[in-house]
file structure-v1.json (JSON, C-alpha atoms)
[["chain", "number", "residue", "atom", "x", "y", "z"],
["A", 627, "MET", "CA", 176.09, 160.86, 99.84],
["A", 628, "ARG", "CA", 172.91, 162.48, 101.02],
["A", 629, "PHE", "CA", 172.19, 165.98, 99.81],
["A", 630, "GLN", "CA", 170.69, 167.05, 103.15],
["A", 631, "LYS", "CA", 174.07, 166.67, 104.87],
["A", 632, "TYR", "CA", 175.20, 169.76, 102.95],
["A", 633, "LEU", "CA", 172.12, 171.93, 103.47],
["A", 634, "PRO", "CA", 172.89, 173.10, 107.00],
["A", 635, "LYS", "CA", 176.18, 174.60, 105.79],
["A", 636, "PHE", "CA", 174.24, 176.91, 103.50],
["A", 637, "LEU", "CA", 171.30, 177.56, 105.75],
["A", 638, "LEU", "CA", 172.92, 178.32, 109.06],
["A", 639, "ARG", "CA", 170.69, 180.63, 111.02],
["A", 640, "GLN", "CA", 172.16, 183.58, 112.76],
["A", 641, "LYS", "CA", 171.52, 183.65, 116.47],
["A", 642, "SER", "CA", 169.04, 186.35, 117.33],
["A", 643, "SER", "CA", 168.16, 188.03, 120.55],
["A", 644, "ALA", "CA", 165.03, 187.31, 122.56],
["A", 645, "LEU", "CA", 161.86, 186.69, 120.57],
["A", 646, "THR", "CA", 158.95, 189.11, 120.65],
["A", 647, "ASN", "CA", 155.47, 188.02, 121.74],
["A", 648, "GLU", "CA", 154.37, 188.20, 118.10],
["A", 649, "GLU", "CA", 157.20, 185.88, 117.03],
["A", 650, "ILE", "CA", 156.41, 183.44, 119.85],
["A", 651, "LYS", "CA", 152.74, 183.34, 118.77],
["A", 652, "PHE", "CA", 153.74, 182.79, 115.14],
["A", 653, "ILE", "CA", 156.10, 179.94, 116.06],
["A", 654, "GLY", "CA", 153.40, 178.39, 118.26],
["A", 655, "LYS", "CA", 150.88, 178.47, 115.40],
["A", 656, "VAL", "CA", 153.34, 176.87, 112.99],
["A", 657, "ASN", "CA", 154.34, 174.24, 115.56],
["A", 658, "LYS", "CA", 150.67, 173.34, 115.98],
["A", 659, "ILE", "CA", 150.16, 172.98, 112.22],
["A", 660, "VAL", "CA", 153.26, 170.86, 111.57],
["A", 661, "GLY", "CA", 153.15, 168.84, 114.80],
["A", 662, "PHE", "CA", 156.73, 169.44, 115.92],
["A", 663, "ASN", "CA", 158.90, 172.24, 117.27],
["A", 664, "ILE", "CA", 160.36, 174.06, 114.31],
["A", 665, "GLN", "CA", 164.10, 174.63, 114.34],
["A", 666, "ASN", "CA", 164.47, 177.65, 112.06],
["A", 667, "PRO", "CA", 161.62, 180.18, 112.40],
["A", 668, "ASP", "CA", 163.20, 182.35, 109.70],
["A", 669, "LEU", "CA", 162.30, 179.74, 107.07],
["A", 670, "TYR", "CA", 158.64, 179.85, 108.12],
["A", 671, "ARG", "CA", 158.60, 183.65, 108.23],
["A", 672, "GLU", "CA", 159.87, 183.56, 104.66],
["A", 673, "ALA", "CA", 157.20, 180.99, 103.75],
["A", 674, "PHE", "CA", 154.53, 183.43, 104.92],
["A", 675, "SER", "CA", 155.99, 186.64, 103.52],
["A", 676, "LEU", "CA", 154.61, 188.34, 100.43],
["A", 677, "LYS", "CA", 156.63, 189.80, 97.60],
["A", 678, "ASN", "CA", 157.12, 193.53, 97.95],
["A", 679, "PRO", "CA", 157.91, 195.20, 94.60],
["A", 680, "SER", "CA", 159.74, 198.05, 96.32],
["A", 681, "GLU", "CA", 162.13, 195.66, 98.11],
["A", 682, "ARG", "CA", 163.89, 193.48, 95.54],
["A", 683, "SER", "CA", 166.17, 191.79, 98.05],
["A", 684, "ARG", "CA", 163.46, 190.91, 100.58],
["A", 685, "LYS", "CA", 162.71, 187.20, 100.71],
["A", 686, "ASN", "CA", 159.16, 185.96, 100.13],
["A", 687, "TYR", "CA", 157.27, 182.70, 99.85],
["A", 688, "GLU", "CA", 157.85, 182.14, 96.13],
["A", 689, "ARG", "CA", 161.20, 180.34, 96.30],
["A", 690, "LEU", "CA", 159.96, 178.04, 99.07],
["A", 691, "GLU", "CA", 156.78, 177.47, 97.04],
["A", 692, "PHE", "CA", 158.94, 176.29, 94.13],
["A", 693, "LEU", "CA", 160.85, 173.89, 96.37],
["A", 694, "GLY", "CA", 157.72, 172.72, 98.20],
["A", 695, "ASP", "CA", 156.01, 171.92, 94.91],
["A", 696, "ALA", "CA", 158.87, 169.59, 93.96],
["A", 697, "VAL", "CA", 159.08, 167.98, 97.40],
["A", 698, "LEU", "CA", 155.30, 167.47, 97.54],
["A", 699, "GLY", "CA", 155.39, 165.91, 94.08],
["A", 700, "SER", "CA", 158.10, 163.51, 95.23],
["A", 701, "ILE", "CA", 156.24, 162.57, 98.42],
["A", 702, "ILE", "CA", 152.98, 161.92, 96.59],
["A", 703, "SER", "CA", 154.71, 160.02, 93.77],
["A", 704, "CYS", "CA", 156.46, 157.72, 96.26],
["A", 705, "TYR", "CA", 153.24, 157.26, 98.23],
["A", 706, "LEU", "CA", 151.33, 156.26, 95.08],
["A", 707, "TYR", "CA", 154.12, 153.98, 93.89],
["A", 708, "ILE", "CA", 154.11, 152.09, 97.20],
["A", 709, "THR", "CA", 150.34, 152.14, 97.76],
["A", 710, "TYR", "CA", 149.43, 150.92, 94.27],
["A", 711, "PRO", "CA", 152.10, 148.33, 93.36],
["A", 712, "ASN", "CA", 150.19, 147.09, 90.30],
["A", 713, "ALA", "CA", 149.08, 150.47, 88.96],
["A", 714, "ASN", "CA", 150.43, 151.65, 85.65],
["A", 715, "GLU", "CA", 152.20, 154.96, 85.08],
["A", 716, "GLY", "CA", 149.12, 156.58, 83.55],
["A", 717, "TYR", "CA", 146.95, 155.83, 86.58],
["A", 718, "MET", "CA", 149.57, 157.09, 89.04],
["A", 719, "THR", "CA", 150.07, 160.28, 87.01],
["A", 720, "GLN", "CA", 146.32, 160.86, 86.97],
["A", 721, "MET", "CA", 146.10, 160.30, 90.74],
["A", 722, "LYS", "CA", 149.03, 162.62, 91.41],
["A", 723, "SER", "CA", 147.34, 165.31, 89.30],
["A", 724, "LYS", "CA", 144.15, 164.98, 91.35],
["A", 725, "ILE", "CA", 146.04, 165.24, 94.62],
["A", 726, "VAL", "CA", 148.38, 168.14, 93.87],
["A", 727, "ASN", "CA", 146.06, 170.23, 91.69],
["A", 728, "ARG", "CA", 145.69, 173.92, 92.52],
["A", 729, "LYS", "CA", 142.08, 173.64, 93.70],
["A", 730, "ASN", "CA", 142.92, 170.89, 96.18],
["A", 731, "LEU", "CA", 146.03, 172.66, 97.47],
["A", 732, "ASN", "CA", 144.02, 175.87, 97.95],
["A", 733, "LYS", "CA", 141.44, 173.93, 99.95],
["A", 734, "LEU", "CA", 144.11, 172.31, 102.13],
["A", 735, "GLY", "CA", 145.84, 175.65, 102.72],
["A", 736, "ASP", "CA", 142.55, 177.27, 103.69],
["A", 737, "GLU", "CA", 141.63, 174.41, 106.04],
["A", 738, "LEU", "CA", 144.98, 174.82, 107.79],
["A", 739, "GLY", "CA", 144.43, 178.58, 108.06],
["A", 740, "LEU", "CA", 147.67, 179.37, 106.25],
["A", 741, "PRO", "CA", 146.58, 182.77, 104.85],
["A", 742, "SER", "CA", 146.08, 183.99, 108.43],
["A", 743, "LEU", "CA", 149.83, 183.54, 109.01],
["A", 744, "LEU", "CA", 150.75, 185.97, 106.23],
["A", 745, "GLU", "CA", 152.58, 189.13, 107.12],
["A", 746, "HIS", "CA", 150.79, 191.78, 105.06],
["A", 747, "ASP", "CA", 148.71, 194.90, 105.36],
["A", 748, "ASN", "CA", 145.00, 194.85, 104.58],
["A", 749, "SER", "CA", 145.48, 196.91, 101.43],
["A", 750, "THR", "CA", 147.28, 194.03, 99.72],
["A", 751, "THR", "CA", 145.11, 192.09, 97.31],
["A", 752, "LEU", "CA", 145.81, 188.39, 97.64],
["A", 753, "SER", "CA", 145.70, 185.92, 94.74],
["A", 754, "GLU", "CA", 142.89, 183.39, 94.78],
["A", 755, "ASN", "CA", 145.63, 180.72, 94.87],
["A", 756, "ILE", "CA", 147.48, 182.12, 97.87],
["A", 757, "ALA", "CA", 146.40, 179.33, 100.23],
["A", 758, "GLY", "CA", 147.77, 176.63, 97.91],
["A", 759, "ASN", "CA", 150.94, 178.60, 97.26],
["A", 760, "LEU", "CA", 151.48, 178.94, 101.01],
["A", 761, "PHE", "CA", 150.83, 175.22, 101.46],
["A", 762, "GLU", "CA", 153.68, 174.48, 99.04],
["A", 763, "ALA", "CA", 155.91, 177.10, 100.70],
["A", 764, "LEU", "CA", 155.22, 175.49, 104.08],
["A", 765, "ILE", "CA", 156.32, 172.11, 102.72],
["A", 766, "GLY", "CA", 159.49, 173.71, 101.33],
["A", 767, "ALA", "CA", 160.22, 175.25, 104.74],
["A", 768, "ILE", "CA", 159.61, 171.95, 106.54],
["A", 769, "PHE", "CA", 161.96, 170.16, 104.13],
["A", 770, "LEU", "CA", 164.77, 172.67, 104.73],
["A", 771, "ASP", "CA", 164.11, 172.90, 108.46],
["A", 772, "VAL", "CA", 164.24, 169.19, 109.20],
["A", 773, "ASP", "CA", 164.75, 166.54, 106.52],
["A", 774, "TYR", "CA", 162.93, 164.70, 103.75],
["A", 775, "GLU", "CA", 161.71, 161.84, 105.95],
["A", 776, "THR", "CA", 160.22, 164.14, 108.61],
["A", 777, "CYS", "CA", 158.70, 166.28, 105.87],
["A", 778, "LYS", "CA", 157.16, 163.19, 104.23],
["A", 779, "ASN", "CA", 155.74, 162.00, 107.56],
["A", 780, "THR", "CA", 154.34, 165.45, 108.33],
["A", 781, "VAL", "CA", 152.65, 165.64, 104.94],
["A", 782, "LEU", "CA", 151.19, 162.15, 105.04],
["A", 783, "GLU", "CA", 150.26, 162.11, 108.73],
["A", 784, "ARG", "CA", 149.07, 165.69, 109.29],
["A", 785, "LEU", "CA", 148.67, 167.79, 106.17],
["A", 786, "LEU", "CA", 147.50, 165.47, 103.40],
["A", 787, "THR", "CA", 146.56, 162.18, 105.04],
["A", 788, "PRO", "CA", 145.88, 158.92, 103.21],
["A", 789, "THR", "CA", 142.20, 159.40, 104.10],
["A", 790, "GLU", "CA", 142.21, 162.70, 102.19],
["A", 791, "ILE", "CA", 144.06, 161.07, 99.32],
["A", 792, "ASN", "CA", 141.48, 158.25, 99.18],
["A", 793, "LYS", "CA", 138.66, 160.81, 98.96],
["A", 794, "LEU", "CA", 140.38, 162.38, 95.96],
["A", 795, "GLU", "CA", 140.81, 159.00, 94.31],
["A", 796, "SER", "CA", 137.05, 158.57, 93.99],
["A", 797, "LYS", "CA", 136.60, 161.96, 92.29]]
call {"tool": "encode", "arguments": {"input": "structure-v1.json", "output": "structure tokens"}}
result
Amino acid sequence: MRFQKYLPKFLLRQKSSALTNEEIKFIGKVNKIVGFNIQNPDLYREAFSLKNPSERSRKNYERLEFLGDAVLGSIISCYLYITYPNANEGYMTQMKSKIVNRKNLNKLGDELGLPSLLEHDNSTTLSENIAGNLFEALIGAIFLDVDYETCKNTVLERLLTPTEINKLESK
């Protein structure tokens, strides 16, 4: 049985009233980045929410970052396995490390403008790795919002294309 069949039972979104202009703009920006109409805006709001020490129960990007890291690793591992059928494990591990390293993920997150989607006040000091962390959180949100196959296609066709991966290979 497929795991994703069970996810909607746990992630049912409560129906909300009319969206504000700010929410509509946010959804539009995310739709443009991912290339499809998102189904559950709450997941993406969580992906772009910072941890607030005074609010222990408030959701933030960190859990989705954790999930996105694993999903991205799976997508890249499968891509390398298929693309390099004669490569040994050591080579594929080295390539995966080049592709999903913090510096590269930060660059990708910055190029997509992910830090601009954060909900925070200007007094908050952001980590130098925030763009990469948000990139992983975005992938986690996409995975939960749609499915693995759509997430994989979005990553490989829009966010981290084979052309980008080939550039990293020569480094």
call {"tool": "residues_around", "arguments": {"input": "structure-v1.json", "residues": "Pro741 in chain A", "least_positions_apart": "4", "cutoff": "8 Å", "atoms": "all atoms listed in the file", "output": "compact mmCIF listing (two decimals) with C-alpha atoms, in the frame of the given file"}}
result
# COMPACT_ATOMS: atom_id res chain seq x y z
CA PHE A 674 154.53 183.43 104.92
CA GLY A 735 145.84 175.65 102.72
CA ASP A 736 142.55 177.27 103.69
CA ILE A 756 147.48 182.12 97.87
CA ALA A 757 146.40 179.33 100.23
CA LEU A 760 151.48 178.94 101.01
call {"tool": "closest_residue", "arguments": {"input": "structure-v1.json", "among": "A:Lys729, A:Lys722, A:Lys778, A:Lys651", "to": "Asn792 in chain A", "atoms": "only C-alpha atoms"}}
result
A:Lys722
call {"tool": "atom_distance", "arguments": {"input": "structure-v1.json", "atom1": "CA of Leu731 in chain A", "atom2": "CA of Leu690 in chain A"}}
result
15.0 Å
call {"tool": "atom_distance", "arguments": {"input": "structure-v1.json", "atom1": "CA of Tyr687 in chain A", "atom2": "CA of Leu669 in chain A"}}
result
9.3 Å
call {"tool": "closest_residue", "arguments": {"input": "structure-v1.json", "among": "A:Leu743, A:Ile791, A:Leu752, A:Ala696", "to": "Ile765 in chain A", "atoms": "all atoms listed in the file"}}
result
A:Ala696
call {"tool": "closest_residue", "arguments": {"input": "structure-v1.json", "among": "A:Thr719, A:Ser796, A:Asn755, A:Thr780", "to": "Asn657 in chain A", "atoms": "all atoms listed in the file"}}
result
A:Thr780
call {"tool": "atom_distance", "arguments": {"input": "structure-v1.json", "atom1": "CA of Leu782 in chain A", "atom2": "CA of Ile701 in chain A"}}
result
8.3 Å
call {"tool": "closest_residue", "arguments": {"input": "structure-v1.json", "among": "A:Glu715, A:Glu648, A:Glu754, A:Glu737", "to": "Arg784 in chain A", "atoms": "only C-alpha atoms"}}
result
A:Glu737
